[in-house]
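Written below as structure tokens is the structure these notes are about.
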Amino acid sequence: MYKVFLAGGIASGKSTVARILEGLGASRIDLDQVSRSVLSPRSACSAAVAKAFGEDLVDPATGEINRPLLAKRAFATPEGGARLEAIELPFISEALAHALDEEERSGAASVCVVEVPLLDRVEAMLSQVDEVLCVVAPLGLRRVRAQGRGMDVADFDRRVALQPSDEYLRSHADVVFDNVGDEKDLAAQVRAWWDSRERYGWVRSPAREGGTPR
């Protein structure tokens with residue numbers, strides 16, 4: 001099974017690309033959902049997080065972590081956020097590897113697309129995939145698109161500030177989809193990528209050999 005990371009900033013068109021790839025026959029994993037799953041009740045990750053940020057985060061009846069309170073404590077300082085990431089990332093990496101193995105064993109698809117919200121946070125996981133795809137668009141266009149779907153401009157700008165830049169994405173991508181036109185144009189770019197990989201039997205990208213970014 002050919003495995004790819006798909007990254008892109010808010011309102012860049014990442015979800016649209018993922019949907020197009022699904023339509024072509026790819027399976028899909030949302031790394032956000034994988035990340036949430038590692039904090040399931042009474043998991044090893046939950047226990048490690050509670051030990052670091054307070055046992056009172058855990059509901060004694062359900063074993064669930066109080067996520068809003070955890071976020072308040074962890075992200076009160078940059079050091080706290082880094083500490084939380086350091087705890088969670090090994091569990092997320094393990095969970096992703098398991099999810100990819102499950103997809104491969106199922107044999108349901110020859111390609112699996114992993115939607116990655118923050119590529120700069122998961123560089124250590126690049127060795128798990130064959131290729132990195134990124135979708136980019138000018139910031140002003142993304143802002144207009146976000147407004148068009150009801151997002152407050154201040155909220156958009158706040159989120160953008162927390163995400164890797166398009167320059168970062170381009171430098172770490174094997175293939176970049178430029179989403180400056182309409183969905184038909186974007187779909188054509190995605191289809192061209194799909195056809196080229198399918199033509200050569202889903203070969204491993206040279207940039208991923210050895211598990212290192214380009």
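Lettering and numbering for the structure tokens are positional, with chains as A, B, ... in the shown order, residues counted from 1 in each chain, and ligands counted from 1 in the shown order.
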Next item on the list: Please identify which residues in chain A DSSP calls alpha helix (DSSP H) from the backbone, and express them as a PyMOL selection string.
Entry: chain A and resi 14-24+31-37+44-53+67-74+78-106+139-148+153-161+166-172+183-199
Which polymer residues have any atom within 12 Å of an atom of stretch 14-22 of chain A, counting only C-alpha atoms, with same-chain residues fewer than 2 positions away left out, as an mmCIF file with C-alpha atoms, in the first residue's frame?
data_model
loop_
_atom_site.group_PDB
_atom_site.id
_atom_site.type_symbol
_atom_site.label_atom_id
_atom_site.label_comp_id
_atom_site.auth_asym_id
_atom_site.auth_seq_id
_atom_site.Cartn_x
_atom_site.Cartn_y
_atom_site.Cartn_z
ATOM 1 C CA VAL A 4 1.119 9.648 1.755
ATOM 2 C CA PHE A 5 0.894 12.581 4.120
ATOM 3 C CA LEU A 6 -1.367 15.391 2.908
ATOM 4 C CA ALA A 7 -0.734 18.764 4.538
ATOM 5 C CA GLY A 8 -2.012 22.289 4.059
ATOM 6 C CA GLY A 9 -2.993 25.348 6.037
ATOM 7 C CA ILE A 10 -6.500 26.361 6.979
ATOM 8 C CA ALA A 11 -8.734 27.074 3.952
ATOM 9 C CA SER A 12 -5.993 25.946 1.564
ATOM 10 C CA LEU A 24 -10.156 8.061 -6.958
ATOM 11 C CA GLY A 25 -10.006 5.085 -4.598
ATOM 12 C CA ALA A 26 -7.711 6.077 -1.722
ATOM 13 C CA SER A 27 -8.472 5.312 1.896
ATOM 14 C CA ARG A 28 -8.230 8.196 4.362
ATOM 15 C CA ILE A 29 -6.906 8.689 7.893
ATOM 16 C CA ASP A 30 -7.369 11.939 9.806
ATOM 17 C CA ALA A 108 -9.330 -2.180 0.717
ATOM 18 C CA ALA A 109 -7.178 0.387 -1.089
ATOM 19 C CA SER A 110 -3.792 0.584 -2.784
ATOM 20 C CA VAL A 111 -3.265 4.128 -1.476
ATOM 21 C CA CYS A 112 -3.797 5.604 1.983
ATOM 22 C CA VAL A 113 -3.910 9.359 2.530
ATOM 23 C CA VAL A 114 -3.147 10.719 5.996
ATOM 24 C CA GLU A 115 -4.484 14.243 6.545
ATOM 25 C CA VAL A 116 -1.913 16.115 8.635
ATOM 26 C CA PRO A 117 -2.955 19.358 10.336
ATOM 27 C CA LEU A 118 0.553 20.466 11.402
ATOM 28 C CA LEU A 133 1.760 16.092 -0.631
ATOM 29 C CA CYS A 134 0.950 19.688 0.226
ATOM 30 C CA VAL A 135 -1.757 22.034 -0.981
ATOM 31 C CA VAL A 136 -1.092 25.778 -0.842
ATOM 32 C CA ALA A 137 -2.898 28.991 -1.765
ATOM 33 C CA ARG A 142 -7.497 31.612 1.929
ATOM 34 C CA VAL A 176 2.716 20.739 -4.196
ATOM 35 C CA PHE A 177 -0.813 21.425 -5.428
ATOM 36 C CA ASP A 178 -1.346 25.153 -6.047
ATOM 37 C CA ASN A 179 -4.988 25.877 -5.287
ATOM 38 C CA ASP A 182 -11.415 26.530 -9.021
ATOM 39 C CA GLU A 183 -12.042 22.993 -7.826
ATOM 40 C CA LYS A 184 -11.893 21.671 -11.397
ATOM 41 C CA ASP A 185 -8.326 22.937 -11.730
ATOM 42 C CA LEU A 186 -7.358 21.464 -8.364
ATOM 43 C CA ALA A 187 -8.921 18.130 -9.287
ATOM 44 C CA ALA A 188 -6.913 18.090 -12.526
ATOM 45 C CA GLN A 189 -3.663 18.507 -10.578
ATOM 46 C CA VAL A 190 -4.599 15.724 -8.185
ATOM 47 C CA ARG A 191 -5.636 13.425 -11.008
ATOM 48 C CA ALA A 192 -2.348 14.062 -12.820
ATOM 49 C CA TRP A 193 -0.453 13.074 -9.673
ATOM 50 C CA TRP A 194 -2.609 9.957 -9.244
ATOM 51 C CA ASP A 195 -2.173 8.887 -12.860
#
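When only C-alpha atoms are used to compute distances to A:Arg67, the closest of the residues A:Glu85, A:Arg36, A:Glu198, A:Ser106 turns out to be A:Arg36.
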Next item on the list: Mind checking which residues fall within 7 Å of stretch 91-105 of chain A, counting only C-alpha atoms, ignoring those fewer than 4 positions away in the same chain, and posting them as a PyMOL selection string?
Entry: chain A and resi 1+34-35+38+45+125
Using C-alpha atoms, can you write the selected residues to a file as a compact mmCIF listing (two decimals), in the first residue's frame?
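Wrote it out as part18.txt, contents follow:
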# COMPACT_ATOMS: atom_id res chain seq x y z
CA MET A 1 0.00 0.00 0.00
CA VAL A 34 -5.71 9.62 15.72
CA SER A 35 -4.35 12.30 18.07
CA VAL A 38 -4.53 8.40 22.22
CA CYS A 45 -1.02 8.43 27.19
CA MET A 125 6.77 10.35 11.40
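Taking the backbone of this structure through DSSP, the residues of stretch 1-116 of chain A that come out as strand (DSSP E) are Tyr2, Lys3, Val4, Phe5, Leu6, Ala7, Ser27, Arg28, Ile29, Asp30, Val111, Cys112, Val113, Val114, Glu115 and Val116 of chain A.
The space separating atom CA of A:Val132 from atom CA of A:Ala71 comes to 29.1 Å.
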Note to self: Give me, as JSON, numbers by chain, all polymer residues having an atom no more than 10 Å from A:Val160, counting only C-alpha atoms and skipping those fewer than 2 positions away in the same chain.
What the structure shows: {"A": [9, 10, 11, 139, 142, 143, 154, 155, 156, 157, 158, 162, 163, 164, 165]}
Requested write-out: C-alpha atoms of the selected residues, as a short mmCIF file (atom, residue, chain, number, x, y, z; two decimals), in the first residue's frame:
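New file result-v4.cif:
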data_model
loop_
_atom_site.label_atom_id
_atom_site.label_comp_id
_atom_site.auth_asym_id
_atom_site.auth_seq_id
_atom_site.Cartn_x
_atom_site.Cartn_y
_atom_site.Cartn_z
CA GLY A 9 -2.99 25.35 6.04
CA ILE A 10 -6.50 26.36 6.98
CA ALA A 11 -8.73 27.07 3.95
CA LEU A 139 -3.01 33.88 2.23
CA ARG A 142 -7.50 31.61 1.93
CA ARG A 143 -8.83 34.39 4.14
CA ALA A 154 -9.51 37.31 13.65
CA ASP A 155 -9.99 33.59 14.30
CA PHE A 156 -8.55 32.79 10.87
CA ASP A 157 -5.48 34.95 11.48
CA ARG A 158 -4.97 33.41 14.92
CA LEU A 162 -0.01 28.68 14.72
CA GLN A 163 0.45 26.73 11.47
CA PRO A 164 3.58 26.14 9.39
CA SER A 165 4.05 28.58 6.53
#
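In terms of minimum interatomic distance to A:Gly80, A:Val49 ranks closest within A:Val49, A:Ala173, A:Ala146, A:Leu57, counting only C-alpha atoms.
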